[in-house]
Amino acid sequence: MASRQSSFGTARELLRVPLFVPALLAIVLAILAEAMGFSYIALLVVETIGLSPFELGVCLTLSALSGMLVSTIFGHLHDRKPAAWPLILSLVAKAAGFGLCAILREPWMLWLNAAVFLGVSSASFALLFAIARTYLEEANDAVISSGMAALRMGGSLSWAVGPALGAAIVTWWTIEGIYVIAGALASSALAVVVICGLKAMPVSSNREPIDRSVLSSTAPIVTALIAFHTAMFAGSNALSILVAQDFGSATDVGLLFSLCAALEVVVMGIFVIRPAAGTNRWLLLFGFAIFAAYFALPIFWPSLWAFYVGQLLRAIGIAIVSIVGMAYLQDLLPGRTGTAAALFGNSASAGLLLSGLATGIWAENFGYLSLFATCGVMCLVGAAPLCFHAAISRKLNHAA
């Protein structure tokens, strides 16, 4: 009973953190725009506009490359000289990028939009999480862990609502309408940031310098996260095409993404009430393994039901890796919230980049279902650096 009171007391204390709720609202709105836009980007480009899988891959690749560059620059800027303009610029780019998706039809225009607007817009993820993290600095460890889990849960809630809302828009309007609404949602996130005065706060002055030992400790984690995100994005692209063309309809695509995100909210809610230790390597490894099992399910049970049932495995894997993975990097980089958030965000962007190549090249030659098997292997391969990092850490602890 005391434990339950302590858990809910932590949640109440979290709500008292200044500007945390507006930051959470901005994250929900911004990710809701992404959830709608990116869930249907494959269908928009391949089925509606008529581009090839390779041209889709180019679009995703350009967006990822630009996003990695901008997120890295803005993340280091956040730690060295906090300013409001990078977040504002990234949200303006998000609104413009999704809005242009509704009207652009030429391949080179789509590629330019992906490289400029959608690429810059990806920095908003890392910046919003880094800014929210600085507002939690004065709280205790339990509130910080609960707050970060709440932010991830807000993102998952957006992914639960976004694809389903997109499915409704496709049914009653057009697929282009998705990008009109997504642009409006990004504009709403921008309004929250400006009206509530969300801005980057100065970070702790006692932050540790990033030397070779720090970089070597983060490299295995980032490598593992890149493999995970590559599988996640490539699998999402494959799911969209497979379900829409072979097993179900475009409506099923939206429902599947929403079902997964709704289940993620439940899993992440557990982390809000019962915060997990940031460096729980075994829990992180379990997240990779359960995600690999998700990709194996349609291979052995090729049916629409397999995709629906598999969303539970997918949700558990994404929830665990999202929460524990980001906390892991923050523990390794104390006092550098912008850099840690940028590293996590860039692991997703690198995954998006590699998934674009996988979708464009692998699927064109071997089909989308075979891409699921490749994603499962990537999850298992990605777990290897985690095991390596655990072994090195154990050896260093024994030596100390």
# chains A, B, ... in the order shown; residues from 1 in each chain; ligands from 1

call {"tool": "residues_around", "arguments": {"residues": "Leu353 (chain A)", "least_positions_apart": "5", "cutoff": "8 Å", "atoms": "only C-alpha atoms", "output": "mmCIF file with C-alpha atoms, in the first residue's frame"}}
result
data_model
loop_
_atom_site.group_PDB
_atom_site.id
_atom_site.type_symbol
_atom_site.label_atom_id
_atom_site.label_comp_id
_atom_site.auth_asym_id
_atom_site.auth_seq_id
_atom_site.Cartn_x
_atom_site.Cartn_y
_atom_site.Cartn_z
ATOM 1 C CA LEU A 60 13.660 8.453 -46.804
ATOM 2 C CA THR A 61 17.441 8.520 -47.130
ATOM 3 C CA LEU A 62 17.647 12.256 -47.830
ATOM 4 C CA SER A 63 15.372 13.020 -44.884
ATOM 5 C CA ALA A 64 17.459 10.863 -42.548
ATOM 6 C CA LEU A 65 20.827 12.294 -43.635
ATOM 7 C CA THR A 230 16.627 0.267 -38.760
#

call {"tool": "residues_around", "arguments": {"residues": "region 369-374 of chain A", "least_positions_apart": "3", "cutoff": "9 Å", "atoms": "only C-alpha atoms", "output": "PyMOL selection string"}}
result
chain A and resi 231+234-235+238-239+242+292+295-296+298-299+302+358-359+362-363+366+377-379

call {"tool": "atom_distance", "arguments": {"atom1": "CA of Ala261 (chain A)", "atom2": "CA of Arg152 (chain A)"}}
result
10.9 Å

call {"tool": "closest_residue", "arguments": {"among": "A:Leu225, A:Leu352, A:Leu165, A:Ala262", "to": "Ile316 (chain A)", "atoms": "only C-alpha atoms"}}
result
A:Ala262

call {"tool": "closest_residue", "arguments": {"among": "A:Leu136, A:Leu198, A:Val222, A:Ile88", "to": "Pro22 (chain A)", "atoms": "only C-alpha atoms"}}
result
A:Leu198

call {"tool": "residues_around", "arguments": {"residues": "Leu343 (chain A)", "least_positions_apart": "5", "cutoff": "9 Å", "atoms": "only C-alpha atoms", "output": "VMD selection string"}}
result
chain A and resid 71 to 72 75 126 222 326 329 338 348

call {"tool": "write_last_selection", "arguments": {"atoms": "C-alpha atoms", "output": "PDB file, in the first residue's frame"}}
result
ATOM      1  CA  SER A  71      20.035  17.134 -34.848  1.00  0.00           C
ATOM      2  CA  THR A  72      23.736  16.800 -34.070  1.00  0.00           C
ATOM      3  CA  GLY A  75      22.013  19.049 -29.798  1.00  0.00           C
ATOM      4  CA  ALA A 126      15.692  15.658 -29.525  1.00  0.00           C
ATOM      5  CA  VAL A 222      24.335   3.723 -30.176  1.00  0.00           C
ATOM      6  CA  MET A 326      17.408   6.889 -23.788  1.00  0.00           C
ATOM      7  CA  LEU A 329      22.588   7.292 -22.813  1.00  0.00           C
ATOM      8  CA  GLY A 338      21.110  17.782 -25.637  1.00  0.00           C
ATOM      9  CA  ALA A 348      16.568   6.720 -35.087  1.00  0.00           C
TER      10      ALA A 348
END

call {"tool": "residues_around", "arguments": {"residues": "Leu43 (chain A)", "least_positions_apart": "4", "cutoff": "12 Å", "atoms": "only C-alpha atoms", "output": "PDB file with N, CA and C atoms, in the first residue's frame"}}
result
ATOM      1  N   MET A  36       0.981  10.677 -37.986  1.00  0.00           N
ATOM      2  CA  MET A  36       0.087  10.698 -39.134  1.00  0.00           C
ATOM      3  C   MET A  36       0.874  10.701 -40.437  1.00  0.00           C
ATOM      4  N   GLY A  37       1.868  11.587 -40.518  1.00  0.00           N
ATOM      5  CA  GLY A  37       2.590  11.758 -41.767  1.00  0.00           C
ATOM      6  C   GLY A  37       3.442  10.568 -42.148  1.00  0.00           C
ATOM      7  N   PHE A  38       4.247  10.067 -41.208  1.00  0.00           N
ATOM      8  CA  PHE A  38       5.182   8.993 -41.544  1.00  0.00           C
ATOM      9  C   PHE A  38       4.523   7.628 -41.637  1.00  0.00           C
ATOM     10  N   SER A  39       3.366   7.451 -41.023  1.00  0.00           N
ATOM     11  CA  SER A  39       2.668   6.171 -41.153  1.00  0.00           C
ATOM     12  C   SER A  39       2.183   5.934 -42.581  1.00  0.00           C
ATOM     13  N   GLU A  47       1.883   4.391 -53.829  1.00  0.00           N
ATOM     14  CA  GLU A  47       0.581   4.099 -54.421  1.00  0.00           C
ATOM     15  C   GLU A  47      -0.111   5.334 -54.984  1.00  0.00           C
ATOM     16  N   THR A  48      -0.099   6.447 -54.263  1.00  0.00           N
ATOM     17  CA  THR A  48      -0.824   7.637 -54.716  1.00  0.00           C
ATOM     18  C   THR A  48      -0.045   8.401 -55.784  1.00  0.00           C
ATOM     19  N   ILE A  49       1.243   8.653 -55.519  1.00  0.00           N
ATOM     20  CA  ILE A  49       2.041   9.426 -56.469  1.00  0.00           C
ATOM     21  C   ILE A  49       2.612   8.540 -57.567  1.00  0.00           C
ATOM     22  N   GLY A  50       2.882   7.266 -57.251  1.00  0.00           N
ATOM     23  CA  GLY A  50       3.336   6.335 -58.271  1.00  0.00           C
ATOM     24  C   GLY A  50       4.839   6.187 -58.395  1.00  0.00           C
ATOM     25  N   LEU A  51       5.593   6.553 -57.367  1.00  0.00           N
ATOM     26  CA  LEU A  51       7.032   6.381 -57.411  1.00  0.00           C
ATOM     27  C   LEU A  51       7.397   4.928 -57.119  1.00  0.00           C
ATOM     28  N   SER A  52       8.597   4.537 -57.511  1.00  0.00           N
ATOM     29  CA  SER A  52       9.063   3.169 -57.299  1.00  0.00           C
ATOM     30  C   SER A  52       9.576   3.002 -55.873  1.00  0.00           C
ATOM     31  N   PRO A  53       9.746   1.758 -55.404  1.00  0.00           N
ATOM     32  CA  PRO A  53      10.343   1.552 -54.081  1.00  0.00           C
ATOM     33  C   PRO A  53      11.715   2.206 -53.945  1.00  0.00           C
ATOM     34  N   LEU A  56      11.212   5.832 -53.317  1.00  0.00           N
ATOM     35  CA  LEU A  56      10.805   5.979 -51.921  1.00  0.00           C
ATOM     36  C   LEU A  56      12.033   5.927 -51.020  1.00  0.00           C
ATOM     37  N   GLY A 166      -5.435   9.127 -39.189  1.00  0.00           N
ATOM     38  CA  GLY A 166      -5.090   9.089 -40.601  1.00  0.00           C
ATOM     39  C   GLY A 166      -5.983   8.149 -41.379  1.00  0.00           C
ATOM     40  N   ALA A 167      -6.314   6.990 -40.783  1.00  0.00           N
ATOM     41  CA  ALA A 167      -7.205   6.039 -41.441  1.00  0.00           C
ATOM     42  C   ALA A 167      -8.581   6.653 -41.667  1.00  0.00           C
ATOM     43  N   VAL A 170      -8.304   9.147 -44.541  1.00  0.00           N
ATOM     44  CA  VAL A 170      -8.250   8.451 -45.830  1.00  0.00           C
ATOM     45  C   VAL A 170      -9.640   7.984 -46.242  1.00  0.00           C
ATOM     46  N   THR A 174      -9.059  12.357 -48.274  1.00  0.00           N
ATOM     47  CA  THR A 174      -8.035  11.796 -49.157  1.00  0.00           C
ATOM     48  C   THR A 174      -6.757  11.590 -48.356  1.00  0.00           C
ATOM     49  N   ILE A 175      -5.810  10.879 -48.938  1.00  0.00           N
ATOM     50  CA  ILE A 175      -4.537  10.685 -48.248  1.00  0.00           C
ATOM     51  C   ILE A 175      -3.765  12.003 -48.149  1.00  0.00           C
ATOM     52  N   GLU A 176      -3.995  12.903 -49.113  1.00  0.00           N
ATOM     53  CA  GLU A 176      -3.371  14.220 -49.026  1.00  0.00           C
ATOM     54  C   GLU A 176      -3.868  14.993 -47.812  1.00  0.00           C
ATOM     55  N   ILE A 178      -4.286  13.939 -44.929  1.00  0.00           N
ATOM     56  CA  ILE A 178      -3.473  13.579 -43.763  1.00  0.00           C
ATOM     57  C   ILE A 178      -2.376  14.616 -43.548  1.00  0.00           C
ATOM     58  N   SER A 236       8.194  -1.095 -40.553  1.00  0.00           N
ATOM     59  CA  SER A 236       6.989  -0.274 -40.700  1.00  0.00           C
ATOM     60  C   SER A 236       6.660  -0.049 -42.165  1.00  0.00           C
ATOM     61  N   ASN A 237       7.690   0.219 -42.971  1.00  0.00           N
ATOM     62  CA  ASN A 237       7.462   0.394 -44.408  1.00  0.00           C
ATOM     63  C   ASN A 237       6.918  -0.891 -45.033  1.00  0.00           C
ATOM     64  N   ALA A 238       7.527  -2.016 -44.664  1.00  0.00           N
ATOM     65  CA  ALA A 238       7.075  -3.302 -45.201  1.00  0.00           C
ATOM     66  C   ALA A 238       5.654  -3.616 -44.762  1.00  0.00           C
ATOM     67  N   LEU A 239       5.357  -3.314 -43.494  1.00  0.00           N
ATOM     68  CA  LEU A 239       4.007  -3.567 -42.986  1.00  0.00           C
ATOM     69  C   LEU A 239       2.971  -2.776 -43.783  1.00  0.00           C
ATOM     70  N   SER A 240       3.262  -1.500 -44.051  1.00  0.00           N
ATOM     71  CA  SER A 240       2.309  -0.658 -44.783  1.00  0.00           C
ATOM     72  C   SER A 240       1.968  -1.246 -46.146  1.00  0.00           C
ATOM     73  N   ILE A 241       3.004  -1.628 -46.895  1.00  0.00           N
ATOM     74  CA  ILE A 241       2.770  -2.142 -48.243  1.00  0.00           C
ATOM     75  C   ILE A 241       2.152  -3.533 -48.209  1.00  0.00           C
ATOM     76  N   LEU A 242       2.675  -4.415 -47.356  1.00  0.00           N
ATOM     77  CA  LEU A 242       2.171  -5.789 -47.293  1.00  0.00           C
ATOM     78  C   LEU A 242       0.695  -5.830 -46.927  1.00  0.00           C
ATOM     79  N   VAL A 243       0.339  -5.096 -45.869  1.00  0.00           N
ATOM     80  CA  VAL A 243      -1.046  -5.137 -45.394  1.00  0.00           C
ATOM     81  C   VAL A 243      -1.979  -4.501 -46.415  1.00  0.00           C
ATOM     82  N   ALA A 244      -1.575  -3.364 -46.978  1.00  0.00           N
ATOM     83  CA  ALA A 244      -2.443  -2.666 -47.934  1.00  0.00           C
ATOM     84  C   ALA A 244      -2.622  -3.452 -49.226  1.00  0.00           C
ATOM     85  N   GLN A 245      -1.578  -4.147 -49.690  1.00  0.00           N
ATOM     86  CA  GLN A 245      -1.638  -4.799 -50.994  1.00  0.00           C
ATOM     87  C   GLN A 245      -2.017  -6.281 -50.918  1.00  0.00           C
ATOM     88  N   SER A 249      -6.141  -3.746 -46.004  1.00  0.00           N
ATOM     89  CA  SER A 249      -6.421  -2.497 -46.706  1.00  0.00           C
ATOM     90  C   SER A 249      -5.651  -1.363 -46.053  1.00  0.00           C
ATOM     91  N   ALA A 250      -5.747  -0.179 -46.633  1.00  0.00           N
ATOM     92  CA  ALA A 250      -5.096   0.998 -46.051  1.00  0.00           C
ATOM     93  C   ALA A 250      -5.652   1.303 -44.667  1.00  0.00           C
ATOM     94  N   THR A 251      -6.925   1.002 -44.451  1.00  0.00           N
ATOM     95  CA  THR A 251      -7.521   1.198 -43.130  1.00  0.00           C
ATOM     96  C   THR A 251      -6.857   0.304 -42.099  1.00  0.00           C
ATOM     97  N   VAL A 253      -3.824  -0.652 -42.129  1.00  0.00           N
ATOM     98  CA  VAL A 253      -2.507  -0.087 -41.837  1.00  0.00           C
ATOM     99  C   VAL A 253      -2.605   0.887 -40.669  1.00  0.00           C
ATOM    100  N   GLY A 254      -3.541   1.819 -40.756  1.00  0.00           N
ATOM    101  CA  GLY A 254      -3.719   2.789 -39.683  1.00  0.00           C
ATOM    102  C   GLY A 254      -4.104   2.140 -38.371  1.00  0.00           C
TER     103      GLY A 254
END

call {"tool": "residues_around", "arguments": {"residues": "Gly177 (chain A)", "least_positions_apart": "4", "cutoff": "10 Å", "atoms": "only C-alpha atoms", "output": "number ranges by chain"}}
result
A: 99, 101-103, 166, 169-170, 172-173, 181-183

call {"tool": "write_last_selection", "arguments": {"atoms": "C-alpha atoms", "output": "CSV table (one decimal), in the first residue's frame"}}
result
chain,number,residue,atom,x,y,z
A,99,GLY,CA,2.0,20.7,-45.8
A,101,CYS,CA,3.6,16.6,-49.0
A,102,ALA,CA,-0.1,17.3,-49.8
A,103,ILE,CA,0.7,19.2,-53.0
A,166,GLY,CA,-5.1,9.1,-40.6
A,169,ILE,CA,-9.1,10.9,-43.0
A,170,VAL,CA,-8.2,8.5,-45.8
A,172,TRP,CA,-13.7,10.2,-45.5
A,173,TRP,CA,-11.3,12.6,-47.3
A,181,ILE,CA,-3.8,18.0,-40.8
A,182,ALA,CA,-0.3,17.0,-39.9
A,183,GLY,CA,1.0,20.4,-40.8

call {"tool": "atom_distance", "arguments": {"atom1": "CA of Ala168 (chain A)", "atom2": "CA of Ala93 (chain A)"}}
result
25.3 Å

call {"tool": "select_by_dssp", "arguments": {"residues": "region 7-156 of chain A", "states": "helix (DSSP H, G or I)", "output": "ChimeraX atom specification"}}
result
/A:7-15,20-39,41-48,53-80,85-101,107-121,123-135,141-156

call {"tool": "residues_around", "arguments": {"residues": "Ala83 (chain A)", "least_positions_apart": "2", "cutoff": "7 Å", "atoms": "only C-alpha atoms", "output": "list in words"}}
result
His78, Lys81, Trp85, Pro86, Lys199 and Ala200 of chain A

call {"tool": "closest_residue", "arguments": {"among": "A:Val17, A:Ala340, A:Leu285, A:Cys196", "to": "Val143 (chain A)", "atoms": "only C-alpha atoms"}}
result
A:Val17

call {"tool": "residues_around", "arguments": {"residues": "Leu386 (chain A)", "least_positions_apart": "6", "cutoff": "7 Å", "atoms": "only C-alpha atoms", "output": "JSON, numbers by chain"}}
result
{"A": [220, 221, 224]}
